Every structure is written in C-alpha cells, then in structure tokens.
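Heads up: the structure comes next, in structure tokens.
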Amino acid sequence: DIQMTQSPSSLSASVGDRVTITCRASQNIDKFLNWYQHKPGKAPNLLIYATSNLQSGVPSRFSGSRSGTDFTLTISSLQPEDFATYYCQQSYSASTFGQGTRLEIK
Amino acid sequence: EVQLVESGGGLVQPGRSLRLSCVASGISFEDVAMHWVRQGPGKGLEWVAGISWNGGGVGYADSVKGRFTISRDNAMKSLYLQMNSLRPEDTALYYCTKDKNGWLRGYGMDVWGQGTTVTVSS
C-alpha cells in the first residue's frame, strides 16, 4: 500500500505569512495528489486536485507543486479563514490520506 | 442543489453489522466514482472504500478489507456501505463523497456529505 508522510504535523503562523506543507509518497503516484482543508464541525473541502489544479471557488493564494514523490501545498499570504487542518490524499492506487497538518494562529 | 445525505449510523455492539446509505441529488451520480471516508474521534481522515462509476472497480483500505462491502445503485442515485464484524476501532464519523472522475484513479473528492456517526461499543 502507498503511504503518505505529511509534514509538519502542526504549524503556527501569522496572518500574511507564506506557508508550505509537504507530503511525500512512499512510491510513484504520478500527478494523483489532492489537498483538502478541514475545519471543525464541517465537511472537508477540496482545494487542489491532480497536484496543481485549483478547485473551482478556491482562492488563488492556494497552490500546489510536485518534485518526484514530494508534493507541496503553499498558501502565499495567510488569511484568518485559512486556520484549519490540511490533508493530502493520493488517488493513484486505492487512496490514502496524510496524517494532517494543523495550522494555528501564532 | 448538490447534496449527499448519509444515513444508517448508530450504536452497535462489536461483531455486529450495520449498513450505511447515501443518497445523491443535483449531480450526475451515474458518471462519477464514489467513496466512503471516515474520521475517528481525535483522528485524521481515513479513506475506507471507493467504487467506480459503473461498479466495475472497487477498492478498500486494508483496515476494512474482508469486512466491509461498498456498492451502488445508479437508478436510485444511492451509495451503500455494508459493514460486518464491526470493531471498536471502526467508531467514526462516516462521510459519503463524490469523486471528480468516473474511475478510482481519481481527481479528488469535490462533494462531501455531512456524515453519519457509527459507534461500536458493548
């Protein structure tokens, strides 16, 4: 099975900061990596699909990239509504989520 | 309105069975893959099972393989999860989700239900 290692597990940042979250796949998953934002009491929300495609309605401050089996979610300038937990998910073979990154206000 | 509504959750004893259902509206259900994703208390998201648009492809997490069965009825726009031999570690909020793609090698889950809670306890 494909394992997804997400880092960091938690992160403190301030409004306006640039933030990066990384996921490493245990084997090749091509471009099949997606990112979600999850807030307490709500259903998760798809942000980025297939590595770098912005889901409709998601602000352009969110972006995704890939280098081999390493994938990155970048938030260019944190807004107050961005404080949440973020998950990566591979959809290449069955599916697996990363462990999550909790983004907190500094 | 695009909507997924889950039902069937509840309190069940270890070793017993439960069947979850999800009804879709506002989407071309017959064209898309569907999934079940769960979140245990204090835990992260865990993909449970997925099924392709025509039911010809299915996949399961190792943690539920051999115990859970995913199925769909496109005429009824419904997704199901039959859960047998339930364990305390299956306790979670179970989400029904829609894939952007028709196949299991998909492009992300762009519609989520609000979830149904399953509690496995004696």
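Here's how to read the names in the structure tokens: chain A, B, ... by the order shown, residue numbers from 1 in each chain, ligand numbers from 1 in the order shown.
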message = With only C-alpha atoms as the counted atoms, please give the residues lying no more than 7 Å from segment 76-80 of chain B, apart from itself and same-chain residues fewer than 4 positions off, as a VMD selection string.
response = chain B and resid 19 to 24 29 70 to 72
Using N, CA, C and O atoms, can you export the residues from the last selection as a compact mmCIF listing (two decimals), in the first residue's frame?
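So the final result, stored in again-v2.txt, reads:
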```txt
# COMPACT_ATOMS: atom_id res chain seq x y z
N ARG B 19 -25.48 -1.13 7.99
CA ARG B 19 -25.44 -0.73 6.58
C ARG B 19 -25.66 0.76 6.48
O ARG B 19 -26.70 1.28 6.90
N LEU B 20 -24.69 1.45 5.92
CA LEU B 20 -24.81 2.89 5.67
C LEU B 20 -25.34 3.13 4.26
O LEU B 20 -25.04 2.36 3.34
N SER B 21 -26.12 4.20 4.11
CA SER B 21 -26.64 4.60 2.81
C SER B 21 -26.31 6.06 2.57
O SER B 21 -26.15 6.85 3.51
N CYS B 22 -26.24 6.42 1.30
CA CYS B 22 -26.01 7.81 0.90
C CYS B 22 -26.83 8.07 -0.34
O CYS B 22 -26.72 7.32 -1.32
N VAL B 23 -27.66 9.10 -0.29
CA VAL B 23 -28.48 9.47 -1.45
C VAL B 23 -27.96 10.78 -2.02
O VAL B 23 -27.74 11.75 -1.28
N ALA B 24 -27.78 10.79 -3.34
CA ALA B 24 -27.25 11.97 -4.02
C ALA B 24 -28.35 12.73 -4.73
O ALA B 24 -29.32 12.15 -5.23
N PHE B 29 -24.90 11.30 -10.86
CA PHE B 29 -24.38 10.24 -10.00
C PHE B 29 -23.81 9.09 -10.82
O PHE B 29 -22.75 8.55 -10.48
N ILE B 70 -18.64 -2.12 -0.39
CA ILE B 70 -19.22 -0.92 -0.98
C ILE B 70 -20.02 -1.32 -2.22
O ILE B 70 -19.63 -2.23 -2.96
N SER B 71 -21.15 -0.65 -2.42
CA SER B 71 -21.97 -0.92 -3.60
C SER B 71 -22.74 0.34 -3.96
O SER B 71 -22.78 1.30 -3.18
N ARG B 72 -23.35 0.33 -5.14
CA ARG B 72 -24.10 1.49 -5.60
C ARG B 72 -25.29 1.05 -6.44
O ARG B 72 -25.29 -0.02 -7.05
```
Within 7 Å of chain A, which residues of chain B show up? Give each one with its shortest atom-to-atom distance in Å (one decimal) and the two atoms involved, counting only C-alpha atoms, rows by chain then rising residue number, as JSON lines.
```
{"residue": "B:Gly44", "atom": "CA", "partner": "A:Gln99", "partner_atom": "CA", "distance": 6.0}
{"residue": "B:Leu45", "atom": "CA", "partner": "A:Phe97", "partner_atom": "CA", "distance": 6.4}
{"residue": "B:Glu46", "atom": "CA", "partner": "A:Phe97", "partner_atom": "CA", "distance": 6.1}
{"residue": "B:Trp47", "atom": "CA", "partner": "A:Thr96", "partner_atom": "CA", "distance": 6.0}
{"residue": "B:Gly59", "atom": "CA", "partner": "A:Ala94", "partner_atom": "CA", "distance": 5.6}
{"residue": "B:Tyr60", "atom": "CA", "partner": "A:Ala94", "partner_atom": "CA", "distance": 6.9}
{"residue": "B:Leu104", "atom": "CA", "partner": "A:Ala94", "partner_atom": "CA", "distance": 6.8}
{"residue": "B:Arg105", "atom": "CA", "partner": "A:Tyr92", "partner_atom": "CA", "distance": 5.0}
{"residue": "B:Gly106", "atom": "CA", "partner": "A:Ser91", "partner_atom": "CA", "distance": 5.6}
{"residue": "B:Tyr107", "atom": "CA", "partner": "A:Tyr49", "partner_atom": "CA", "distance": 5.6}
{"residue": "B:Gly108", "atom": "CA", "partner": "A:Tyr49", "partner_atom": "CA", "distance": 5.6}
{"residue": "B:Met109", "atom": "CA", "partner": "A:Leu46", "partner_atom": "CA", "distance": 6.5}
{"residue": "B:Asp110", "atom": "CA", "partner": "A:Leu46", "partner_atom": "CA", "distance": 5.6}
{"residue": "B:Trp112", "atom": "CA", "partner": "A:Ala43", "partner_atom": "CA", "distance": 6.2}
{"residue": "B:Gly113", "atom": "CA", "partner": "A:Ala43", "partner_atom": "CA", "distance": 6.9}
{"residue": "B:Gln114", "atom": "CA", "partner": "A:Ala43", "partner_atom": "CA", "distance": 5.9}
```
For Lys65 of chain B, find every residue with an atom within 12 Å (counting only C-alpha atoms), except residues of its own chain fewer than 3 positions away, and show them as a PyMOL selection string. (chain A and resi 94) or (chain B and resi 47-50+58-62+68-70+82-86)
Could you check the closest approach to Arg87 of chain B for each of B:Val64, B:Val5, B:Val120, B:Val37 and tell me which residue wins, using only C-alpha atoms?
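Nearest candidate to Arg87 of chain B out of B:Val64, B:Val5, B:Val120, B:Val37: B:Val120.
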Practice problem: May I ask for the distance between atom CA of Phe83 of chain A and atom CA of Phe62 of chain A, given in Å to one decimal place? | Solution: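 Between atom CA of Phe83 of chain A and atom CA of Phe62 of chain A the gap is 13.0 Å.
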**Asked** Hey, which of A:Gln6, A:Ser76, A:Ser63, A:Thr69 ends up closest to Ile29 of chain A? Count only C-alpha atoms.
**Response**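 Checking each candidate against Ile29 of chain A, we get A:Thr69 as the closest.
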Note to self: Please return, as number ranges by chain, all residues of segment 51-99 of chain B that DSSP assigns to strand (DSSP E or B) on the basis of the backbone.
What the structure shows: B: 51, 58-60, 68-73, 78-83, 92-99
Find the distance between atom CA of Gln37 of chain A and atom CA of Ala84 of chain A and write it in Å to one decimal.
->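 If I compute the distance from atom CA of Gln37 of chain A to atom CA of Ala84 of chain A, I get 6.5 Å.
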Using only C-alpha atoms, which protein or nucleic acid residues come within 6 Å of segment 92-95 of chain B? Drop anything in the same chain fewer than 5 positions from it, and give the result as JSON, numbers by chain. {"B": [36, 37, 38, 39, 40, 113, 115, 116, 117, 118]}
*Leaving out Glu104 of chain A and any residue of its chain fewer than 2 positions from it, which residues lie within 7 Å of it when counting only C-alpha atoms, given as a ChimeraX atom specification?*
/A:11-13,83,102,106
Straight-line distance linking atom CA of Val58 of chain A with atom CA of Pro80 of chain A, stated in Å to one decimal =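 Separation between atom CA of Val58 of chain A and atom CA of Pro80 of chain A: 14.8 Å.
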message = For Gly16 of chain A, find every residue with an atom within 8 Å (counting only C-alpha atoms), except residues of its own chain fewer than 5 positions away, and show them as a ChimeraX atom specification.
response = /A:76-79
Just write the chosen residues, N, CA, C and O atoms, as a compact mmCIF listing (two decimals), in the first residue's frame.
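Below you can see result.txt, which holds the result:
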```txt
# COMPACT_ATOMS: atom_id res chain seq x y z
N SER A 76 0.07 31.51 -0.06
CA SER A 76 1.01 32.62 -0.30
C SER A 76 0.90 33.72 0.76
O SER A 76 1.92 34.31 1.13
N SER A 77 -0.30 33.97 1.25
CA SER A 77 -0.50 35.02 2.25
C SER A 77 -1.69 34.61 3.12
O SER A 77 -2.83 34.76 2.71
N LEU A 78 -1.38 34.09 4.30
CA LEU A 78 -2.42 33.54 5.16
C LEU A 78 -3.50 34.55 5.51
O LEU A 78 -3.20 35.70 5.85
N GLN A 79 -4.73 34.09 5.40
CA GLN A 79 -5.88 34.89 5.82
C GLN A 79 -6.51 34.25 7.06
O GLN A 79 -6.30 33.07 7.33
```
